[in-house]
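Below is coords_34.tsv, which holds TSV, C-alpha atoms.
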chain	number	residue	atom	x	y	z
A	182	MET	CA	-54.21	141.95	-176.35
A	183	ILE	CA	-56.92	139.30	-176.45
A	184	LYS	CA	-58.59	138.85	-173.07
A	185	ILE	CA	-60.56	135.69	-172.19
A	186	TYR	CA	-62.75	135.34	-169.09
A	187	GLY	CA	-63.50	131.79	-167.99
A	188	THR	CA	-64.08	129.32	-165.20
A	189	GLU	CA	-62.56	125.91	-164.59
A	190	ASN	CA	-63.60	123.20	-167.08
A	191	SER	CA	-66.26	125.44	-168.63
A	192	ARG	CA	-66.99	126.10	-172.29
A	193	ALA	CA	-64.23	128.71	-172.08
A	194	MET	CA	-61.92	125.74	-172.64
A	195	ARG	CA	-62.81	125.82	-176.33
A	196	PRO	CA	-61.32	129.26	-177.09
A	197	ILE	CA	-58.51	128.75	-174.55
A	198	TRP	CA	-57.51	125.45	-176.17
A	199	THR	CA	-57.75	127.06	-179.63
A	200	ALA	CA	-55.57	129.98	-178.55
A	201	GLU	CA	-53.01	127.58	-177.08
A	202	GLU	CA	-52.88	125.46	-180.24
A	203	MET	CA	-52.35	128.61	-182.32
A	204	GLY	CA	-49.77	130.12	-179.98
A	205	LEU	CA	-51.81	133.32	-179.59
A	206	ASP	CA	-50.85	135.95	-177.06
A	207	TYR	CA	-53.79	136.37	-174.68
A	208	GLU	CA	-54.66	137.29	-171.10
A	209	LEU	CA	-56.75	134.78	-169.17
A	210	ILE	CA	-58.96	135.79	-166.25
A	211	MET	CA	-60.12	132.74	-164.32
A	212	MET	CA	-63.09	133.20	-162.00
A	213	PRO	CA	-65.06	131.16	-159.45
A	214	PHE	CA	-68.14	129.35	-160.77
A	215	PRO	CA	-70.69	130.75	-161.29
A	216	PRO	CA	-69.08	134.21	-161.50
A	217	ARG	CA	-72.41	136.06	-161.49
A	218	VAL	CA	-72.86	134.74	-157.92
A	219	PHE	CA	-69.32	134.67	-156.54
A	220	MET	CA	-67.80	137.59	-158.49
A	221	LYS	CA	-70.68	139.98	-158.99
A	222	GLU	CA	-68.42	142.68	-160.43
A	223	TYR	CA	-68.10	140.47	-163.50
A	224	LEU	CA	-71.60	141.62	-164.47
A	225	ASN	CA	-70.04	145.03	-165.14
A	226	VAL	CA	-67.83	143.33	-167.75
A	227	ASN	CA	-70.38	140.91	-169.23
A	228	ILE	CA	-73.98	141.87	-168.57
A	229	LEU	CA	-75.05	138.23	-169.07
A	230	GLY	CA	-72.64	136.92	-166.45
A	231	THR	CA	-71.87	133.93	-168.69
A	232	VAL	CA	-68.57	132.35	-169.68
A	233	PRO	CA	-66.63	132.52	-171.81
A	234	TYR	CA	-66.32	136.19	-172.59
A	235	MET	CA	-63.70	137.47	-175.00
A	236	ILE	CA	-62.47	140.98	-175.68
A	237	ASP	CA	-60.17	141.78	-178.60
A	238	GLY	CA	-59.89	145.53	-179.04
A	239	ASP	CA	-63.44	146.69	-179.82
A	240	ILE	CA	-64.65	143.11	-180.34
A	241	GLU	CA	-66.66	141.47	-177.56
A	242	MET	CA	-67.99	137.90	-177.88
A	243	THR	CA	-69.84	135.48	-175.58
A	244	GLU	CA	-70.17	132.20	-177.52
A	245	SER	CA	-67.38	129.62	-177.15
A	246	VAL	CA	-67.57	128.13	-180.64
A	247	ALA	CA	-67.91	131.55	-182.28
A	248	ILE	CA	-64.87	132.87	-180.38
A	249	SER	CA	-62.84	129.84	-181.44
A	250	GLN	CA	-63.93	130.27	-185.06
A	251	TYR	CA	-63.05	133.97	-184.85
A	252	PHE	CA	-59.53	133.10	-183.70
A	253	VAL	CA	-58.80	130.73	-186.57
A	254	GLU	CA	-60.24	133.06	-189.19
A	255	LYS	CA	-58.84	136.31	-187.78
A	256	TYR	CA	-55.39	135.09	-186.73
A	257	GLY	CA	-54.76	132.30	-189.23
A	258	PRO	CA	-53.82	130.78	-191.52
A	259	THR	CA	-53.94	127.64	-189.44
A	260	ASP	CA	-54.65	124.00	-190.18
A	261	LEU	CA	-57.28	124.17	-187.44
A	262	GLN	CA	-59.55	125.84	-189.98
A	263	VAL	CA	-61.21	123.88	-192.76
A	264	ARG	CA	-61.46	126.36	-195.60
A	265	PRO	CA	-64.45	126.83	-197.95
A	266	ASP	CA	-62.55	125.33	-200.89
A	267	GLU	CA	-61.97	122.05	-199.02
A	268	GLU	CA	-64.29	119.10	-199.59
A	269	ASP	CA	-65.04	118.70	-195.86
A	270	TYR	CA	-66.01	122.34	-195.30
A	271	PRO	CA	-69.79	121.68	-194.96
A	272	ASN	CA	-69.07	118.82	-192.55
A	273	TYR	CA	-66.76	121.10	-190.56
A	274	LEU	CA	-69.43	123.78	-190.22
A	275	ASN	CA	-72.01	121.21	-189.20
A	276	TRP	CA	-69.77	119.86	-186.42
A	277	LEU	CA	-69.06	123.36	-185.11
A	278	PHE	CA	-72.77	124.08	-184.69
A	279	HIS	CA	-73.54	120.53	-183.55
A	280	SER	CA	-70.98	120.78	-180.74
A	281	ASP	CA	-72.99	123.31	-178.76
A	282	ALA	CA	-76.54	123.26	-180.12
A	283	THR	CA	-76.90	119.46	-179.94
A	284	LEU	CA	-74.28	118.17	-177.52
A	285	THR	CA	-73.48	120.76	-174.84
A	286	PHE	CA	-77.03	122.04	-174.44
A	287	PRO	CA	-78.44	119.01	-172.55
A	288	GLN	CA	-75.27	118.90	-170.44
A	289	THR	CA	-75.96	122.38	-169.06
A	290	VAL	CA	-79.22	121.08	-167.59
A	291	VAL	CA	-77.39	118.14	-165.99
A	292	LEU	CA	-74.73	120.47	-164.61
A	293	ARG	CA	-77.27	122.82	-163.08
A	294	TYR	CA	-79.42	120.24	-161.35
A	295	LYS	CA	-76.70	117.77	-160.40
A	296	PHE	CA	-74.26	120.25	-158.86
A	297	GLN	CA	-75.84	123.68	-158.42
A	298	GLU	CA	-79.36	122.67	-157.33
A	299	PRO	CA	-79.16	119.00	-156.27
A	300	GLY	CA	-82.47	117.41	-155.37
A	301	VAL	CA	-84.55	120.01	-157.20
A	302	ALA	CA	-84.93	118.14	-160.48
A	303	ASP	CA	-83.32	114.71	-160.24
A	304	ALA	CA	-85.48	113.41	-163.09
A	305	ALA	CA	-84.09	116.13	-165.34
A	306	VAL	CA	-80.53	115.02	-164.54
A	307	GLU	CA	-81.32	111.47	-165.59
A	308	GLY	CA	-83.43	112.45	-168.58
A	309	TYR	CA	-81.01	114.95	-170.06
A	310	SER	CA	-78.08	112.60	-169.48
A	311	ARG	CA	-79.86	109.98	-171.58
A	312	TRP	CA	-80.72	112.63	-174.17
A	313	PHE	CA	-77.06	113.63	-174.44
A	314	VAL	CA	-75.89	110.02	-174.83
A	315	SER	CA	-78.48	109.39	-177.55
A	316	ARG	CA	-77.17	112.43	-179.46
A	317	LEU	CA	-73.71	110.84	-179.61
A	318	LYS	CA	-74.82	108.28	-182.22
A	319	LEU	CA	-73.72	110.50	-185.08
A	320	LEU	CA	-70.33	111.18	-183.51
A	321	GLU	CA	-69.64	107.51	-182.79
A	322	HIS	CA	-70.63	106.53	-186.32
A	323	SER	CA	-68.62	109.35	-187.93
A	324	LEU	CA	-65.44	108.35	-186.12
A	325	GLU	CA	-65.42	104.81	-187.48
A	326	ASN	CA	-61.89	104.22	-188.85
A	327	LYS	CA	-61.10	107.91	-188.46
A	328	GLU	CA	-58.61	109.72	-186.24
A	329	TYR	CA	-60.18	113.17	-186.68
A	330	LEU	CA	-63.59	114.52	-187.66
A	331	CYS	CA	-62.67	116.50	-190.77
A	332	SER	CA	-60.11	116.65	-193.56
A	333	ASN	CA	-57.91	113.89	-192.09
A	334	ARG	CA	-56.32	116.32	-189.63
A	335	PHE	CA	-56.85	117.89	-186.22
A	336	THR	CA	-59.19	120.86	-186.63
A	337	LEU	CA	-61.39	123.22	-184.68
A	338	ALA	CA	-64.22	120.71	-185.08
A	339	ASP	CA	-62.30	118.26	-182.89
A	340	ILE	CA	-61.74	120.94	-180.24
A	341	CYS	CA	-65.35	122.09	-180.12
A	342	VAL	CA	-66.99	118.66	-180.21
A	343	SER	CA	-64.59	116.90	-177.83
A	344	TYR	CA	-65.23	119.48	-175.12
A	345	ALA	CA	-68.64	117.83	-174.67
A	346	ILE	CA	-66.88	114.52	-173.98
A	347	ASN	CA	-64.59	116.19	-171.48
A	348	LEU	CA	-67.63	117.65	-169.74
A	349	ALA	CA	-69.42	114.29	-169.83
A	350	GLN	CA	-66.53	112.77	-167.90
A	351	ALA	CA	-66.75	115.57	-165.32
A	352	LEU	CA	-70.49	114.99	-165.00
A	353	GLY	CA	-70.04	111.25	-164.60
A	354	ILE	CA	-71.87	110.34	-167.82
A	355	GLU	CA	-69.74	107.27	-168.49
A	356	GLN	CA	-72.12	105.96	-171.18
A	357	ALA	CA	-70.71	108.68	-173.42
A	358	LEU	CA	-67.40	106.85	-173.76
A	359	LYS	CA	-68.38	104.62	-176.65
A	360	PRO	CA	-65.43	102.82	-178.32
A	361	ASN	CA	-64.71	105.23	-181.19
A	362	ILE	CA	-65.39	108.29	-179.05
A	363	LYS	CA	-63.12	106.98	-176.29
A	364	ARG	CA	-60.27	106.30	-178.73
A	365	TRP	CA	-60.65	109.68	-180.44
A	366	SER	CA	-61.02	111.76	-177.27
A	367	GLU	CA	-58.11	110.10	-175.47
A	368	ASN	CA	-55.89	111.04	-178.39
A	369	LEU	CA	-57.09	114.65	-178.32
A	370	PHE	CA	-56.86	114.98	-174.54
A	371	SER	CA	-53.21	113.95	-174.64
A	372	ARG	CA	-52.32	117.07	-176.61
A	373	PRO	CA	-50.16	119.54	-174.61
A	374	ALA	CA	-52.44	122.47	-175.46
A	375	PHE	CA	-55.49	120.65	-174.05
A	376	ILE	CA	-53.63	119.64	-170.88
A	377	LYS	CA	-52.52	123.23	-170.38
A	378	SER	CA	-55.98	124.69	-170.99
A	379	LYS	CA	-57.62	122.24	-168.59
A	380	GLY	CA	-55.05	123.02	-165.93
A	381	TYR	CA	-56.04	126.66	-165.54
A	382	LYS	CA	-57.86	127.19	-162.23
A	383	TYR	CA	-59.24	130.08	-160.22
A	384	GLU	CA	-56.97	131.11	-157.38
A	385	GLU	CA	-58.60	133.19	-154.66
A	386	ASN	CA	-56.79	136.41	-153.71
A	387	LYS	CA	-54.34	135.89	-156.54
Could you take the file, read its structure, and then write that structure out as structure tokens?
Amino acid sequence: MIKIYGTENSRAMRPIWTAEEMGLDYELIMMPFPPRVFMKEYLNVNILGTVPYMIDGDIEMTESVAISQYFVEKYGPTDLQVRPDEEDYPNYLNWLFHSDATLTFPQTVVLRYKFQEPGVADAAVEGYSRWFVSRLKLLEHSLENKEYLCSNRFTLADICVSYAINLAQALGIEQALKPNIKRWSENLFSRPAFIKSKGYKYEENK
């Protein structure tokens, strides 16, 4: 069985949401954040101590977008995947990489210094928040008169990119909710699979 390790509202939501949309059978292990501090035995599972972490037989993966892409390609066919013979395939690939490399990256700095080490680098919190918001120009423009990012349907690109908006709300970066982004993300976040994936929490002594 697929096993996913995650923490509440972390990037693990991407593969969890994907698995839920696909109806995959998986085991979820929710941990306190950060697990390398509060669940040190996790380092025996994932030497990096990062989340998510996915095991599927002999396969072990650590990157949220890659795990999600693995699910749709390994366990499809599914409309979540934009296939190479579709016109929007290059756009789809670009959004998958953009979701983490461009959007989530600056948010990790905000998360660290706003919640884990408050007062250490307040200027970084402000600076990287502005950086993140400025990187949303492409997303806001691309969503003009569109319900989804690619191929006129809900795809993995929507899951991976919208996680950054979910995290922005958790971090209090309200400037991220530009009109098109707000409309698009509210639609996605009303999906039952998203609501279920966001509801998973760590329960001590479970």
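Interatomic distance, atom CA of Gly380 of chain A against atom CA of Met194 of chain A: 10.0 Å.
Among A:Arg311, A:Arg264, A:Lys184, A:Arg195, the residue with the shortest atom-to-atom distance to Ala374 of chain A, counting all atoms listed in the file, is A:Arg195.
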**Report entry** Contact residues around Thr199 of chain A with only C-alpha atoms at 8 Å, ignoring same-chain residues under 5 positions, as a VMD selection string
**Finding:** chain A and resid 249 252 to 253 337 340
Same residues, C-alpha atoms, output as a PDB file, in the frame of the given file:
ATOM      1  CA  SER A 249     -62.840 129.840-181.440  1.00  0.00           C
ATOM      2  CA  PHE A 252     -59.530 133.100-183.700  1.00  0.00           C
ATOM      3  CA  VAL A 253     -58.800 130.730-186.570  1.00  0.00           C
ATOM      4  CA  LEU A 337     -61.390 123.220-184.680  1.00  0.00           C
ATOM      5  CA  ILE A 340     -61.740 120.940-180.240  1.00  0.00           C
TER       6      ILE A 340
END
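Coordinates place atom CA of Arg334 of chain A at a distance of 20.4 Å from atom CA of Ser378 of chain A.
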Give me the residues of segment 199-280 of chain A that have any atom at most 12 Å from an atom of segment 313-321 of chain A; for each, the nearest atom pair and the distance in Å, rounded to one decimal. Use all atoms listed in the file, sort by chain and number, and format it as CSV.
residue,atom,partner,partner_atom,distance
A:Asn272,CA,A:Leu320,CA,11.9
A:Asn275,CA,A:Leu319,CA,11.6
A:Trp276,CA,A:Leu320,CA,9.2
A:His279,CA,A:Arg316,CA,9.8
A:Ser280,CA,A:Leu320,CA,10.0
**Report entry** Nearest to Gly353 of chain A, chosen from A:Phe219, A:Tyr381, A:Phe296, A:Phe370, with all atoms listed in the file counted in the distances
**Finding:**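 Nearest candidate to Gly353 of chain A out of A:Phe219, A:Tyr381, A:Phe296, A:Phe370: A:Phe296.
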Query raised in the report: At what distance in Å, to one decimal, does atom CA of Leu292 of chain A lie from atom CA of Leu352 of chain A?
Result: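 For atom CA of Leu352 of chain A relative to atom CA of Leu292 of chain A, the distance reads 6.9 Å.
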Query - Which of A:Tyr207, A:Ala247, A:Thr188, A:Thr289 sits closest to Gly230 of chain A [using all atoms listed in the file] - result: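 The answer is A:Thr188, which sits nearest to Gly230 of chain A.
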Query raised in the report: Contacts of Phe214 of chain A at 10 Å or less, counting all atoms listed in the file, minus same-chain residues fewer than 4 places along, as JSON, numbers by chain?
Result: {"A": [187, 188, 189, 190, 191, 218, 219, 220, 231, 232, 297, 383]}
Query raised in the report: Using only C-alpha atoms, which of A:Ala349, A:Cys341, A:Tyr270, A:Lys255 sits nearest Val291 of chain A?
Result: A:Ala349
Query raised in the report: Near Met242 of chain A, counting all atoms listed in the file, which residues have an atom at most 12 Å away, once you skip same-chain residues fewer than 6 positions from it, shown as an NGL selection string?
Result: :A and (183-186 or 193 or 196 or 226-229 or 231-236 or 248-252)
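If you measure from each of A:Asn326, A:Thr283, A:Thr259, A:Thr336 to Pro360 of chain A using all atoms listed in the file, the closest one turns out to be A:Asn326.
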Requested in this report: Select, from A:Asp339, A:His322, A:Trp312, A:Leu348, the residue with the minimum atom-to-atom distance to Arg372 of chain A, counting all atoms listed in the file.
Outcome: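 Among the listed residues, A:Asp339 lies closest to Arg372 of chain A.
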Report task. For a cut-off of 12 Å around (-64.7, 107.4, -178.1), file coordinates, pick out all residues using all atoms listed in the file and list them as a VMD selection string. Result -> chain A and resid 314 317 to 330 342 to 343 345 to 347 349 to 350 355 to 370
With N, CA and C atoms as the goal, would you fill in the gaps in segment 301-312 of chain A and present it as an mmCIF file, keeping the file's coordinate frame?
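Output file out_33.cif is given in full below:
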data_model
loop_
_atom_site.group_PDB
_atom_site.id
_atom_site.type_symbol
_atom_site.label_atom_id
_atom_site.label_comp_id
_atom_site.auth_asym_id
_atom_site.auth_seq_id
_atom_site.Cartn_x
_atom_site.Cartn_y
_atom_site.Cartn_z
ATOM 1 N N VAL A 301 -83.438 119.213 -156.682
ATOM 2 C CA VAL A 301 -84.550 120.010 -157.200
ATOM 3 C C VAL A 301 -85.206 119.328 -158.393
ATOM 4 N N ALA A 302 -84.389 118.741 -159.259
ATOM 5 C CA ALA A 302 -84.930 118.140 -160.480
ATOM 6 C C ALA A 302 -84.102 116.908 -160.858
ATOM 7 N N ASP A 303 -84.119 115.909 -159.993
ATOM 8 C CA ASP A 303 -83.320 114.710 -160.240
ATOM 9 C C ASP A 303 -83.729 113.991 -161.536
ATOM 10 N N ALA A 304 -85.011 114.052 -161.861
ATOM 11 C CA ALA A 304 -85.480 113.410 -163.090
ATOM 12 C C ALA A 304 -84.891 114.087 -164.311
ATOM 13 N N ALA A 305 -84.689 115.396 -164.220
ATOM 14 C CA ALA A 305 -84.090 116.130 -165.340
ATOM 15 C C ALA A 305 -82.641 115.708 -165.545
ATOM 16 N N VAL A 306 -81.926 115.472 -164.448
ATOM 17 C CA VAL A 306 -80.530 115.020 -164.540
ATOM 18 C C VAL A 306 -80.464 113.708 -165.312
ATOM 19 N N GLU A 307 -81.306 112.771 -164.937
ATOM 20 C CA GLU A 307 -81.320 111.470 -165.590
ATOM 21 C C GLU A 307 -81.786 111.568 -167.033
ATOM 22 N N GLY A 308 -82.857 112.331 -167.247
ATOM 23 C CA GLY A 308 -83.430 112.450 -168.580
ATOM 24 C C GLY A 308 -82.499 113.130 -169.574
ATOM 25 N N TYR A 309 -81.893 114.221 -169.158
ATOM 26 C CA TYR A 309 -81.010 114.950 -170.060
ATOM 27 C C TYR A 309 -79.678 114.228 -170.250
ATOM 28 N N SER A 310 -79.262 113.432 -169.280
ATOM 29 C CA SER A 310 -78.080 112.600 -169.480
ATOM 30 C C SER A 310 -78.332 111.578 -170.577
ATOM 31 N N ARG A 311 -79.503 110.939 -170.536
ATOM 32 C CA ARG A 311 -79.860 109.980 -171.580
ATOM 33 C C ARG A 311 -79.981 110.663 -172.932
ATOM 34 N N TRP A 312 -80.558 111.867 -172.941
ATOM 35 C CA TRP A 312 -80.720 112.630 -174.170
ATOM 36 C C TRP A 312 -79.344 112.916 -174.792
#
